[in-house]
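**Student:** What follows is a single structure, and I will ask about it in a moment.
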Amino acid sequence: MKKFLNYLFIIILIIGAFYIINNNFKKEEKINKDINIINTAESNQDDVVYFAKGISKKDYINTINYEATIVKNNYKYNPIVYNFGNHLNYSELEKIYNKLNSSDIVNLNIIGTTVDKRFLYSLEIGKGNKTIMFESGTHASEIANPLFITKFMIDLVNDYEADNQDIINLLNNYKIVVLPVVNPDGYNTYINGINSIKNKNLFIYKNRNLIDFDYYKGNLNGVDLNRNMPSQNSGLHFKRYDLLNTVVLKPSVNKMAYYAGEFLGSESETKALIYWHNKYYKNIYAYITLHSSGRVIYSSKPNLSAELNNLSNKCAQIVNNITGYQVLGADYEEVGEGNDGTTTDFIAELLSGYKFSEITGRLSYGKYDEKMNELKYKACVINIETLESYTQDLKIIKDEYYNYNLEKVFLNLIKQD
Ligand SMILES: [Zn+2]
């Protein structure tokens, strides 16, 4: 009898443990059934030179059918205090995202794992259907933006939990989806140094003596994640243009080089972005990416519709009105010179109704360099370049947030309609 009770006790323990684990990490249901894959490609493929292969159909389907992990916890929400008093390394950011997640207004998802085995997080804040996406931390040295957007989320959730009626109304009507750090390995290496790289076989660690990490952009495989997205013009140049001399064809120690990867979508961080874009794009009214070079706003996609560009210009004006950051138009964009494949290229093409072509391994629309007239899903797509330049200096970072009123920028972009 005693033996039986012991067994029973152990079984109850196992069931209990299973229940707890199950409660904390639940797999998300597959989201995307409308896969939009075509087996046709641009009719004028002879006009372009490819320098990077596309992503395979199998990889692409697996990527958009990724099952994100829904993180749950049962802690009581405690207000979080952060005012740029210290750098936050990536594990400190992770703690903050988990703390935010104890508010009922937040859903935390793990949407992938980096090449150096760190989790990639997406936070949903708000219960509304009107959705806006924010993404930052793609480029390793641009550490300010993950701090800005994290500070913004902290204040938002603190206010919500403190029963601030304006914020409660806001979050009942909108959904703010944030991927705060696209490149956690790069972010963490920039803050904590080269020895914080766990896998010593990765390109950046092996070449640590050759690389000037002062302004490093890529991930730890040496890939610029903002050139690795399989947008229509990524990894190719039009024959009438020379390839830009900043583009390189293999991982490079040159800090200014753009390397698009062995093939598009090759990096685990890029796959997370592809999944994340596909999950939300049909419901968004704005997509905001944050970088750090020179207080300007890129708001134009010369190869896409006037409708998209008009919406994007409106979003850019909201930012300009508050910050004075300069709005840059089509003259500042290169298309077909080997420099495409950014996150904004990819989401803008999804919004425009482009489909994935299994022939090119990229999004596709009939013809290279052909303009479409209509935007299928109505949203703006802008890139805000905060700061004069990337910096580690916390005083400069804090001053940018307050002097340029970035909290108001984010709030006004959310409330624009
Ligand atoms: Zn950047």
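The way I read the labels, and the way they are meant: chains A, B, ... in the order of the structure tokens, residue 1 as the first residue of every chain, and ligand 1 as the first ligand shown, with later ones counted on from there.
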Kindly work out which residues sit at most 8 Å from ligand 1, using only C-alpha atoms and all ligand atoms, and give the list as JSON, numbers by chain.

**Tutor:** {"A": [137, 138, 139, 142, 217, 226, 290, 291, 292, 293, 385]}

**Student:** Got a sec: who's within 9 Å of Thr323 (chain A), counting only C-alpha atoms, leaving out chain neighbours fewer than 4 positions off, as a PDB file with N, CA and C atoms, in the first residue's frame?

**Tutor:**
ATOM      1  N   ARG A 295      19.097  61.272 -38.266  1.00  0.00           N
ATOM      2  CA  ARG A 295      17.843  62.018 -38.046  1.00  0.00           C
ATOM      3  C   ARG A 295      17.106  62.284 -39.358  1.00  0.00           C
ATOM      4  N   ILE A 318       4.194  62.957 -39.755  1.00  0.00           N
ATOM      5  CA  ILE A 318       3.896  62.910 -38.309  1.00  0.00           C
ATOM      6  C   ILE A 318       5.201  62.966 -37.514  1.00  0.00           C
ATOM      7  N   VAL A 319       6.174  62.205 -37.968  1.00  0.00           N
ATOM      8  CA  VAL A 319       7.473  62.164 -37.276  1.00  0.00           C
ATOM      9  C   VAL A 319       8.196  63.492 -37.444  1.00  0.00           C
ATOM     10  N   ASN A 403      14.545  65.039 -25.951  1.00  0.00           N
ATOM     11  CA  ASN A 403      14.594  66.283 -26.729  1.00  0.00           C
ATOM     12  C   ASN A 403      13.815  66.170 -28.036  1.00  0.00           C
ATOM     13  N   TYR A 404      13.780  64.986 -28.606  1.00  0.00           N
ATOM     14  CA  TYR A 404      13.045  64.795 -29.861  1.00  0.00           C
ATOM     15  C   TYR A 404      11.679  64.159 -29.621  1.00  0.00           C
ATOM     16  N   ASN A 405      11.344  64.015 -28.339  1.00  0.00           N
ATOM     17  CA  ASN A 405      10.008  63.555 -27.932  1.00  0.00           C
ATOM     18  C   ASN A 405       9.588  62.267 -28.662  1.00  0.00           C
ATOM     19  N   LEU A 406      10.441  61.271 -28.575  1.00  0.00           N
ATOM     20  CA  LEU A 406      10.162  60.028 -29.312  1.00  0.00           C
ATOM     21  C   LEU A 406       8.936  59.302 -28.775  1.00  0.00           C
ATOM     22  N   VAL A 409       6.217  60.724 -30.668  1.00  0.00           N
ATOM     23  CA  VAL A 409       6.308  60.202 -32.049  1.00  0.00           C
ATOM     24  C   VAL A 409       5.607  58.850 -32.133  1.00  0.00           C
TER      25      VAL A 409
END

**Student:** Give me, as a list in words, all polymer residues having an atom no more than 9 Å from Met372 (chain A), counting only C-alpha atoms and skipping those fewer than 6 positions away in the same chain.

**Tutor:**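 Listing them by chain and then by number gives Asn303, Leu304, Ser305, Ala306, Ser352 and Tyr365 of chain A.
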
**Student:** Which of these, A:Ile143, A:Ala68, A:Val157, A:Val223, has the shortest distance to Asp104 (chain A) once you count only C-alpha atoms?

**Tutor:**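 Smallest distance to Asp104 (chain A) is found for A:Val157.
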
**Student:** Measuring atom to atom with only C-alpha atoms, identify which of A:Asn195, A:Thr150, A:Gln165, A:Asn233 is nearest to Asp47 (chain A).

**Tutor:**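 Closest residue, counting only C-alpha atoms: A:Asn233.
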
**Student:** Can you list every residue in region 63-220 of chain A that DSSP puts in alpha helix (DSSP H), as a short mmCIF file (atom, residue, chain, number, x, y, z; two decimals) with all heavy atoms, in the first residue's frame?

**Tutor:**
data_model
loop_
_atom_site.label_atom_id
_atom_site.label_comp_id
_atom_site.auth_asym_id
_atom_site.auth_seq_id
_atom_site.Cartn_x
_atom_site.Cartn_y
_atom_site.Cartn_z
N THR A 63 9.03 28.37 -43.13
CA THR A 63 9.23 29.62 -42.39
C THR A 63 7.91 30.28 -42.02
O THR A 63 7.70 30.66 -40.87
CB THR A 63 10.10 30.58 -43.23
OG1 THR A 63 11.36 29.96 -43.46
CG2 THR A 63 10.31 31.90 -42.52
N ILE A 64 7.01 30.40 -42.99
CA ILE A 64 5.77 31.12 -42.65
C ILE A 64 4.82 30.24 -41.85
O ILE A 64 3.90 30.75 -41.23
CB ILE A 64 5.07 31.75 -43.87
CG1 ILE A 64 4.65 30.71 -44.88
CG2 ILE A 64 5.94 32.79 -44.54
CD1 ILE A 64 3.93 31.36 -46.05
N TYR A 90 21.26 41.94 -23.45
CA TYR A 90 20.08 41.27 -23.98
C TYR A 90 19.34 40.45 -22.92
O TYR A 90 18.10 40.41 -22.92
CB TYR A 90 20.44 40.39 -25.18
CG TYR A 90 19.19 39.98 -25.94
CD1 TYR A 90 18.39 40.94 -26.55
CD2 TYR A 90 18.80 38.65 -26.02
CE1 TYR A 90 17.22 40.59 -27.22
CE2 TYR A 90 17.64 38.28 -26.70
CZ TYR A 90 16.85 39.27 -27.30
OH TYR A 90 15.70 38.92 -27.95
N SER A 91 20.06 39.85 -21.99
CA SER A 91 19.33 39.06 -20.98
C SER A 91 18.53 39.97 -20.06
O SER A 91 17.47 39.59 -19.56
CB SER A 91 20.28 38.14 -20.20
OG SER A 91 21.24 38.91 -19.53
N GLU A 92 19.00 41.20 -19.86
CA GLU A 92 18.20 42.16 -19.08
C GLU A 92 16.95 42.58 -19.85
O GLU A 92 15.87 42.73 -19.26
CB GLU A 92 19.05 43.38 -18.72
CG GLU A 92 20.12 43.05 -17.68
CD GLU A 92 21.16 44.16 -17.49
OE1 GLU A 92 21.65 44.71 -18.51
OE2 GLU A 92 21.49 44.45 -16.34
N LEU A 93 17.09 42.76 -21.15
CA LEU A 93 15.90 43.05 -21.96
C LEU A 93 14.91 41.90 -21.87
O LEU A 93 13.69 42.11 -21.74
CB LEU A 93 16.28 43.29 -23.43
CG LEU A 93 16.98 44.61 -23.77
CD1 LEU A 93 17.29 44.67 -25.26
CD2 LEU A 93 16.13 45.81 -23.36
N GLU A 94 15.42 40.68 -21.94
CA GLU A 94 14.53 39.50 -21.87
C GLU A 94 13.73 39.50 -20.56
O GLU A 94 12.55 39.19 -20.55
CB GLU A 94 15.35 38.22 -21.95
CG GLU A 94 15.89 37.92 -23.33
CD GLU A 94 16.63 36.59 -23.38
OE1 GLU A 94 17.74 36.52 -22.81
OE2 GLU A 94 16.09 35.64 -23.97
N LYS A 95 14.41 39.86 -19.47
CA LYS A 95 13.70 39.92 -18.17
C LYS A 95 12.59 40.95 -18.22
O LYS A 95 11.49 40.72 -17.71
CB LYS A 95 14.69 40.27 -17.06
CG LYS A 95 15.42 39.05 -16.52
CD LYS A 95 16.33 39.42 -15.35
CE LYS A 95 17.44 38.38 -15.24
NZ LYS A 95 18.73 38.97 -14.85
N ILE A 96 12.88 42.10 -18.83
CA ILE A 96 11.86 43.15 -18.93
C ILE A 96 10.67 42.65 -19.76
O ILE A 96 9.51 42.85 -19.37
CB ILE A 96 12.46 44.44 -19.54
CG1 ILE A 96 13.39 45.08 -18.51
CG2 ILE A 96 11.36 45.41 -19.97
CD1 ILE A 96 14.14 46.30 -19.03
N TYR A 97 10.93 41.97 -20.87
CA TYR A 97 9.82 41.51 -21.71
C TYR A 97 8.97 40.48 -20.96
O TYR A 97 7.75 40.46 -21.09
CB TYR A 97 10.34 40.95 -23.05
CG TYR A 97 11.16 41.97 -23.81
CD1 TYR A 97 12.24 41.61 -24.60
CD2 TYR A 97 10.87 43.34 -23.69
CE1 TYR A 97 13.01 42.56 -25.26
CE2 TYR A 97 11.64 44.29 -24.34
CZ TYR A 97 12.70 43.92 -25.11
OH TYR A 97 13.45 44.86 -25.76
N ASN A 98 9.62 39.66 -20.17
CA ASN A 98 8.87 38.69 -19.36
C ASN A 98 8.07 39.38 -18.26
O ASN A 98 6.96 38.95 -17.93
CB ASN A 98 9.81 37.63 -18.79
CG ASN A 98 10.09 36.53 -19.82
OD1 ASN A 98 9.24 35.70 -20.11
ND2 ASN A 98 11.27 36.58 -20.43
N LYS A 99 8.62 40.43 -17.69
CA LYS A 99 7.87 41.19 -16.67
C LYS A 99 6.67 41.90 -17.30
O LYS A 99 5.57 41.88 -16.75
CB LYS A 99 8.77 42.23 -15.99
CG LYS A 99 9.70 41.65 -14.95
CD LYS A 99 10.51 42.77 -14.29
CE LYS A 99 11.49 42.21 -13.28
NZ LYS A 99 12.40 43.27 -12.79
N LEU A 100 6.89 42.52 -18.45
CA LEU A 100 5.77 43.18 -19.14
C LEU A 100 4.66 42.18 -19.42
O LEU A 100 3.47 42.50 -19.36
CB LEU A 100 6.25 43.80 -20.47
CG LEU A 100 7.14 45.04 -20.39
CD1 LEU A 100 7.69 45.40 -21.77
CD2 LEU A 100 6.36 46.22 -19.81
N ALA A 144 20.62 52.04 -29.63
CA ALA A 144 19.72 53.01 -28.99
C ALA A 144 18.25 52.65 -29.21
O ALA A 144 17.43 52.80 -28.29
CB ALA A 144 20.00 54.41 -29.53
N ASN A 145 17.91 52.20 -30.41
CA ASN A 145 16.49 52.00 -30.72
C ASN A 145 15.82 50.90 -29.90
O ASN A 145 14.68 51.08 -29.46
CB ASN A 145 16.31 51.77 -32.22
CG ASN A 145 16.74 53.00 -33.01
OD1 ASN A 145 16.32 54.10 -32.70
ND2 ASN A 145 17.61 52.80 -33.98
N PRO A 146 16.48 49.76 -29.67
CA PRO A 146 15.86 48.80 -28.75
C PRO A 146 15.61 49.41 -27.36
O PRO A 146 14.59 49.11 -26.72
CB PRO A 146 16.90 47.67 -28.68
CG PRO A 146 17.57 47.72 -30.02
CD PRO A 146 17.65 49.18 -30.35
N LEU A 147 16.52 50.31 -26.93
CA LEU A 147 16.28 50.98 -25.63
C LEU A 147 15.09 51.93 -25.72
O LEU A 147 14.25 51.99 -24.83
CB LEU A 147 17.54 51.73 -25.18
CG LEU A 147 18.79 50.88 -24.94
CD1 LEU A 147 19.97 51.75 -24.54
CD2 LEU A 147 18.54 49.82 -23.85
N PHE A 148 15.00 52.69 -26.83
CA PHE A 148 13.87 53.61 -27.01
C PHE A 148 12.54 52.87 -26.98
O PHE A 148 11.60 53.25 -26.29
CB PHE A 148 13.96 54.35 -28.36
CG PHE A 148 15.11 55.31 -28.49
CD1 PHE A 148 15.66 55.57 -29.75
CD2 PHE A 148 15.64 55.96 -27.39
CE1 PHE A 148 16.71 56.46 -29.89
CE2 PHE A 148 16.70 56.86 -27.52
CZ PHE A 148 17.23 57.11 -28.78
N ILE A 149 12.47 51.82 -27.77
CA ILE A 149 11.17 51.15 -27.92
C ILE A 149 10.82 50.36 -26.65
O ILE A 149 9.65 50.22 -26.28
CB ILE A 149 11.14 50.26 -29.20
CG1 ILE A 149 9.72 50.02 -29.69
CG2 ILE A 149 11.87 48.95 -29.03
CD1 ILE A 149 9.02 51.22 -30.26
N THR A 150 11.85 49.89 -25.95
CA THR A 150 11.60 49.19 -24.69
C THR A 150 11.11 50.18 -23.63
O THR A 150 10.16 49.91 -22.90
CB THR A 150 12.87 48.46 -24.21
OG1 THR A 150 13.24 47.50 -25.21
CG2 THR A 150 12.65 47.74 -22.89
N LYS A 151 11.76 51.34 -23.57
CA LYS A 151 11.31 52.40 -22.65
C LYS A 151 9.85 52.77 -22.94
O LYS A 151 9.03 52.92 -22.04
CB LYS A 151 12.23 53.62 -22.83
CG LYS A 151 11.73 54.92 -22.22
CD LYS A 151 11.77 54.90 -20.70
CE LYS A 151 11.39 56.27 -20.13
NZ LYS A 151 11.03 56.14 -18.71
N PHE A 152 9.53 52.89 -24.22
CA PHE A 152 8.17 53.25 -24.61
C PHE A 152 7.16 52.18 -24.14
O PHE A 152 6.11 52.49 -23.58
CB PHE A 152 8.10 53.40 -26.13
CG PHE A 152 6.71 53.69 -26.64
CD1 PHE A 152 6.10 54.91 -26.39
CD2 PHE A 152 6.01 52.74 -27.38
CE1 PHE A 152 4.81 55.18 -26.85
CE2 PHE A 152 4.72 53.00 -27.85
CZ PHE A 152 4.13 54.23 -27.58
N MET A 153 7.51 50.91 -24.36
CA MET A 153 6.60 49.83 -23.94
C MET A 153 6.43 49.81 -22.42
O MET A 153 5.32 49.59 -21.91
CB MET A 153 7.13 48.47 -24.43
CG MET A 153 7.07 48.30 -25.93
SD MET A 153 7.38 46.59 -26.46
CE MET A 153 9.12 46.40 -26.14
N ILE A 154 7.53 50.02 -21.71
CA ILE A 154 7.47 50.02 -20.24
C ILE A 154 6.49 51.09 -19.75
O ILE A 154 5.60 50.83 -18.93
CB ILE A 154 8.88 50.28 -19.64
CG1 ILE A 154 9.78 49.06 -19.82
CG2 ILE A 154 8.79 50.66 -18.17
CD1 ILE A 154 11.25 49.32 -19.47
N ASP A 155 6.64 52.32 -20.28
CA ASP A 155 5.78 53.41 -19.82
C ASP A 155 4.32 53.16 -20.18
O ASP A 155 3.41 53.46 -19.40
CB ASP A 155 6.25 54.75 -20.42
CG ASP A 155 7.57 55.21 -19.79
OD1 ASP A 155 7.96 54.63 -18.75
OD2 ASP A 155 8.20 56.13 -20.33
N LEU A 156 4.13 52.60 -21.37
CA LEU A 156 2.77 52.30 -21.81
C LEU A 156 2.08 51.30 -20.86
O LEU A 156 0.95 51.52 -20.41
CB LEU A 156 2.85 51.70 -23.22
CG LEU A 156 1.71 51.84 -24.19
CD1 LEU A 156 1.36 53.31 -24.42
CD2 LEU A 156 2.11 51.20 -25.53
N VAL A 157 2.79 50.24 -20.56
CA VAL A 157 2.18 49.19 -19.72
C VAL A 157 2.09 49.66 -18.27
O VAL A 157 1.09 49.40 -17.59
CB VAL A 157 2.97 47.86 -19.85
CG1 VAL A 157 2.37 46.79 -18.94
CG2 VAL A 157 2.95 47.39 -21.31
N ASN A 158 3.09 50.40 -17.79
CA ASN A 158 2.98 50.99 -16.44
C ASN A 158 1.72 51.86 -16.35
O ASN A 158 0.96 51.77 -15.38
CB ASN A 158 4.19 51.88 -16.13
CG ASN A 158 5.42 51.07 -15.73
OD1 ASN A 158 5.34 49.86 -15.49
ND2 ASN A 158 6.56 51.74 -15.67
N ASP A 159 1.49 52.71 -17.36
CA ASP A 159 0.33 53.61 -17.35
C ASP A 159 -0.98 52.81 -17.40
O ASP A 159 -1.95 53.14 -16.72
CB ASP A 159 0.38 54.57 -18.55
CG ASP A 159 1.42 55.66 -18.35
OD1 ASP A 159 1.94 55.78 -17.22
OD2 ASP A 159 1.71 56.39 -19.31
N TYR A 160 -0.98 51.79 -18.22
CA TYR A 160 -2.17 50.94 -18.31
C TYR A 160 -2.48 50.31 -16.96
O TYR A 160 -3.63 50.31 -16.49
CB TYR A 160 -1.96 49.86 -19.37
CG TYR A 160 -3.06 48.84 -19.44
CD1 TYR A 160 -4.22 49.09 -20.16
CD2 TYR A 160 -2.95 47.63 -18.75
CE1 TYR A 160 -5.24 48.16 -20.21
CE2 TYR A 160 -3.97 46.69 -18.79
CZ TYR A 160 -5.11 46.96 -19.52
OH TYR A 160 -6.12 46.04 -19.56
N GLU A 161 -1.46 49.77 -16.34
CA GLU A 161 -1.64 49.09 -15.05
C GLU A 161 -1.98 50.08 -13.93
O GLU A 161 -2.56 49.70 -12.93
CB GLU A 161 -0.39 48.29 -14.70
CG GLU A 161 -0.18 47.06 -15.58
CD GLU A 161 -1.15 45.93 -15.25
OE1 GLU A 161 -1.63 45.88 -14.10
OE2 GLU A 161 -1.44 45.11 -16.15
N GLN A 165 -6.70 56.31 -17.90
CA GLN A 165 -7.86 56.04 -18.76
C GLN A 165 -7.55 56.24 -20.24
O GLN A 165 -8.03 55.48 -21.09
CB GLN A 165 -9.04 56.93 -18.33
CG GLN A 165 -10.40 56.37 -18.74
CD GLN A 165 -10.62 54.89 -18.32
OE1 GLN A 165 -10.43 54.56 -17.14
NE2 GLN A 165 -10.97 54.03 -19.26
N ASP A 166 -6.74 57.24 -20.57
CA ASP A 166 -6.37 57.45 -21.98
C ASP A 166 -5.65 56.24 -22.55
O ASP A 166 -5.91 55.82 -23.68
CB ASP A 166 -5.45 58.67 -22.12
CG ASP A 166 -6.20 59.97 -21.90
OD1 ASP A 166 -7.45 59.92 -21.90
OD2 ASP A 166 -5.54 61.02 -21.72
N ILE A 167 -4.73 55.71 -21.76
CA ILE A 167 -3.95 54.57 -22.25
C ILE A 167 -4.82 53.30 -22.30
O ILE A 167 -4.70 52.49 -23.22
CB ILE A 167 -2.70 54.36 -21.35
CG1 ILE A 167 -1.78 55.60 -21.44
CG2 ILE A 167 -1.94 53.09 -21.74
CD1 ILE A 167 -1.23 55.91 -22.82
N ILE A 168 -5.72 53.16 -21.34
CA ILE A 168 -6.64 52.01 -21.37
C ILE A 168 -7.48 52.06 -22.64
O ILE A 168 -7.63 51.06 -23.36
CB ILE A 168 -7.53 51.98 -20.11
CG1 ILE A 168 -6.67 51.63 -18.89
CG2 ILE A 168 -8.67 50.97 -20.27
CD1 ILE A 168 -7.40 51.77 -17.56
N ASN A 169 -8.02 53.26 -22.95
CA ASN A 169 -8.81 53.41 -24.18
C ASN A 169 -7.97 53.09 -25.42
O ASN A 169 -8.42 52.39 -26.33
CB ASN A 169 -9.35 54.84 -24.31
CG ASN A 169 -10.42 55.12 -23.28
OD1 ASN A 169 -10.99 54.19 -22.69
ND2 ASN A 169 -10.69 56.39 -23.03
N LEU A 170 -6.76 53.63 -25.42
CA LEU A 170 -5.86 53.40 -26.55
C LEU A 170 -5.64 51.90 -26.77
O LEU A 170 -5.79 51.38 -27.87
CB LEU A 170 -4.51 54.09 -26.29
CG LEU A 170 -3.47 53.99 -27.39
CD1 LEU A 170 -3.75 55.03 -28.48
CD2 LEU A 170 -2.06 54.18 -26.85
N LEU A 171 -5.31 51.21 -25.69
CA LEU A 171 -4.95 49.80 -25.83
C LEU A 171 -6.16 48.89 -26.01
O LEU A 171 -6.02 47.75 -26.41
CB LEU A 171 -4.08 49.36 -24.64
CG LEU A 171 -2.73 50.08 -24.55
CD1 LEU A 171 -1.92 49.58 -23.36
CD2 LEU A 171 -1.92 49.93 -25.84
N ASN A 172 -7.34 49.41 -25.72
CA ASN A 172 -8.54 48.65 -26.06
C ASN A 172 -8.87 48.75 -27.53
O ASN A 172 -9.60 47.92 -28.08
CB ASN A 172 -9.74 49.12 -25.23
CG ASN A 172 -9.68 48.55 -23.82
OD1 ASN A 172 -9.10 47.48 -23.60
ND2 ASN A 172 -10.27 49.26 -22.87
N ASN A 173 -8.34 49.77 -28.18
CA ASN A 173 -8.65 50.00 -29.60
C ASN A 173 -7.56 49.58 -30.58
O ASN A 173 -7.83 49.37 -31.75
CB ASN A 173 -8.98 51.48 -29.83
CG ASN A 173 -10.37 51.81 -29.35
OD1 ASN A 173 -11.34 51.25 -29.84
ND2 ASN A 173 -10.46 52.68 -28.36
N PRO A 184 19.71 40.19 -31.79
CA PRO A 184 20.16 40.18 -30.39
C PRO A 184 21.64 39.82 -30.22
O PRO A 184 22.30 40.36 -29.34
CB PRO A 184 19.29 39.10 -29.73
CG PRO A 184 18.11 38.97 -30.60
CD PRO A 184 18.59 39.25 -31.99
N ASP A 185 22.15 38.94 -31.08
CA ASP A 185 23.57 38.57 -30.96
C ASP A 185 24.46 39.80 -31.23
O ASP A 185 25.43 40.04 -30.51
CB ASP A 185 23.94 37.48 -31.97
CG ASP A 185 23.15 36.20 -31.77
OD1 ASP A 185 22.59 36.01 -30.67
OD2 ASP A 185 23.11 35.40 -32.72
N GLY A 186 24.11 40.53 -32.26
CA GLY A 186 24.88 41.72 -32.59
C GLY A 186 24.75 42.77 -31.50
O GLY A 186 25.73 43.38 -31.07
N TYR A 187 23.51 42.97 -31.05
CA TYR A 187 23.24 43.93 -29.97
C TYR A 187 24.07 43.59 -28.74
O TYR A 187 24.75 44.44 -28.16
CB TYR A 187 21.74 43.88 -29.65
CG TYR A 187 21.30 44.70 -28.46
CD1 TYR A 187 20.87 46.02 -28.63
CD2 TYR A 187 21.29 44.16 -27.18
CE1 TYR A 187 20.45 46.77 -27.54
CE2 TYR A 187 20.88 44.90 -26.09
CZ TYR A 187 20.46 46.21 -26.27
OH TYR A 187 20.05 46.95 -25.19
N ASN A 188 24.01 42.33 -28.36
CA ASN A 188 24.70 41.90 -27.14
C ASN A 188 26.22 41.98 -27.28
O ASN A 188 26.92 42.38 -26.35
CB ASN A 188 24.29 40.48 -26.79
CG ASN A 188 24.42 40.22 -25.31
OD1 ASN A 188 23.70 40.83 -24.53
ND2 ASN A 188 25.35 39.37 -24.93
N THR A 189 26.71 41.65 -28.46
CA THR A 189 28.16 41.71 -28.69
C THR A 189 28.63 43.16 -28.64
O THR A 189 29.70 43.46 -28.11
CB THR A 189 28.52 41.09 -30.06
OG1 THR A 189 27.91 39.80 -30.15
CG2 THR A 189 30.02 40.95 -30.22
N TYR A 190 27.81 44.03 -29.18
CA TYR A 190 28.19 45.45 -29.18
C TYR A 190 28.27 45.99 -27.75
O TYR A 190 29.15 46.79 -27.43
CB TYR A 190 27.19 46.25 -30.01
CG TYR A 190 27.70 47.62 -30.37
CD1 TYR A 190 28.74 47.77 -31.30
CD2 TYR A 190 27.19 48.76 -29.77
CE1 TYR A 190 29.23 49.01 -31.62
CE2 TYR A 190 27.67 50.01 -30.10
CZ TYR A 190 28.69 50.14 -31.02
OH TYR A 190 29.18 51.38 -31.33
N ILE A 191 27.37 45.54 -26.89
CA ILE A 191 27.36 46.03 -25.50
C ILE A 191 28.35 45.27 -24.63
O ILE A 191 29.10 45.87 -23.85
CB ILE A 191 25.93 45.95 -24.91
CG1 ILE A 191 25.04 47.01 -25.58
CG2 ILE A 191 25.96 46.17 -23.40
CD1 ILE A 191 23.61 47.01 -25.11
N ASN A 192 28.37 43.95 -24.76
CA ASN A 192 29.15 43.13 -23.81
C ASN A 192 30.49 42.63 -24.36
O ASN A 192 31.21 41.95 -23.65
CB ASN A 192 28.34 41.92 -23.38
CG ASN A 192 27.37 42.28 -22.26
OD1 ASN A 192 27.24 43.45 -21.90
ND2 ASN A 192 26.71 41.29 -21.71
N PHE A 203 31.50 33.21 -37.67
CA PHE A 203 32.38 34.05 -38.49
C PHE A 203 32.94 35.25 -37.72
O PHE A 203 34.13 35.54 -37.78
CB PHE A 203 31.61 34.53 -39.73
CG PHE A 203 32.35 35.52 -40.57
CD1 PHE A 203 33.31 35.11 -41.49
CD2 PHE A 203 32.11 36.89 -40.42
CE1 PHE A 203 34.01 36.04 -42.25
CE2 PHE A 203 32.81 37.82 -41.18
CZ PHE A 203 33.76 37.40 -42.10
N ILE A 204 32.08 35.94 -37.03
CA ILE A 204 32.52 37.17 -36.37
C ILE A 204 33.52 36.87 -35.26
O ILE A 204 34.51 37.58 -35.10
CB ILE A 204 31.29 37.94 -35.79
CG1 ILE A 204 30.41 38.45 -36.94
CG2 ILE A 204 31.75 39.11 -34.92
CD1 ILE A 204 31.09 39.42 -37.89
N TYR A 205 33.30 35.79 -34.52
CA TYR A 205 34.26 35.47 -33.47
C TYR A 205 35.60 35.05 -34.08
O TYR A 205 36.66 35.49 -33.65
CB TYR A 205 33.74 34.38 -32.53
CG TYR A 205 34.67 34.21 -31.35
CD1 TYR A 205 34.59 35.08 -30.26
CD2 TYR A 205 35.67 33.23 -31.34
CE1 TYR A 205 35.47 34.98 -29.19
CE2 TYR A 205 36.56 33.13 -30.27
CZ TYR A 205 36.44 34.00 -29.19
OH TYR A 205 37.32 33.91 -28.14
N LYS A 206 35.53 34.22 -35.10
CA LYS A 206 36.77 33.73 -35.72
C LYS A 206 37.59 34.88 -36.33
O LYS A 206 38.80 34.80 -36.40
CB LYS A 206 36.45 32.68 -36.79
CG LYS A 206 36.09 31.33 -36.16
CD LYS A 206 36.24 30.18 -37.12
CE LYS A 206 35.18 30.20 -38.18
NZ LYS A 206 35.07 28.94 -38.93
#

**Student:** May I ask for the distance between CA of Tyr259 (chain A) and CA of Gly235 (chain A), given in Å to one decimal place?

**Tutor:**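 Atom-to-atom, CA of Tyr259 (chain A) and CA of Gly235 (chain A) are spaced 9.2 Å apart.
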
**Student:** Closest to Lys367 (chain A) among A:Asn321, A:Gln232, A:Tyr281, A:Pro180, using only C-alpha atoms?

**Tutor:** A:Gln232

**Student:** Need to verify the contact set: Val115 (chain A), 9 Å, only C-alpha atoms, exclusion of same-chain residues closer than 6 positions in sequence. Can you return it as a short mmCIF file (atom, residue, chain, number, x, y, z; two decimals) with N, CA, C and O atoms, in the first residue's frame?

**Tutor:**
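Generated file (part11.cif):
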data_model
loop_
_atom_site.label_atom_id
_atom_site.label_comp_id
_atom_site.auth_asym_id
_atom_site.auth_seq_id
_atom_site.Cartn_x
_atom_site.Cartn_y
_atom_site.Cartn_z
N ASP A 185 22.15 38.94 -31.08
CA ASP A 185 23.57 38.57 -30.96
C ASP A 185 24.46 39.80 -31.23
O ASP A 185 25.43 40.04 -30.51
N ASN A 199 29.06 30.75 -29.38
CA ASN A 199 29.59 29.80 -30.35
C ASN A 199 30.84 30.39 -30.99
O ASN A 199 30.76 31.27 -31.85
N LEU A 202 31.57 30.86 -34.95
CA LEU A 202 30.87 31.79 -35.84
C LEU A 202 31.85 32.79 -36.48
O LEU A 202 32.87 33.13 -35.90
N ASN A 219 24.84 40.21 -38.52
CA ASN A 219 24.67 39.21 -37.46
C ASN A 219 26.02 38.48 -37.32
O ASN A 219 27.01 38.87 -37.93
N LEU A 220 26.06 37.41 -36.54
CA LEU A 220 27.36 36.80 -36.24
C LEU A 220 27.86 35.92 -37.39
O LEU A 220 28.99 35.45 -37.36
N ASN A 221 27.05 35.74 -38.42
CA ASN A 221 27.54 35.09 -39.65
C ASN A 221 28.07 36.12 -40.65
O ASN A 221 28.41 35.77 -41.78
N GLU A 267 19.37 33.34 -42.91
CA GLU A 267 19.64 33.52 -41.48
C GLU A 267 18.40 33.26 -40.63
O GLU A 267 17.28 33.58 -41.04
N SER A 268 18.62 32.71 -39.45
CA SER A 268 17.46 32.40 -38.60
C SER A 268 16.72 33.67 -38.19
O SER A 268 15.50 33.66 -38.05
N GLU A 269 17.44 34.77 -38.06
CA GLU A 269 16.77 36.04 -37.70
C GLU A 269 15.88 36.50 -38.86
O GLU A 269 14.78 37.02 -38.65
#
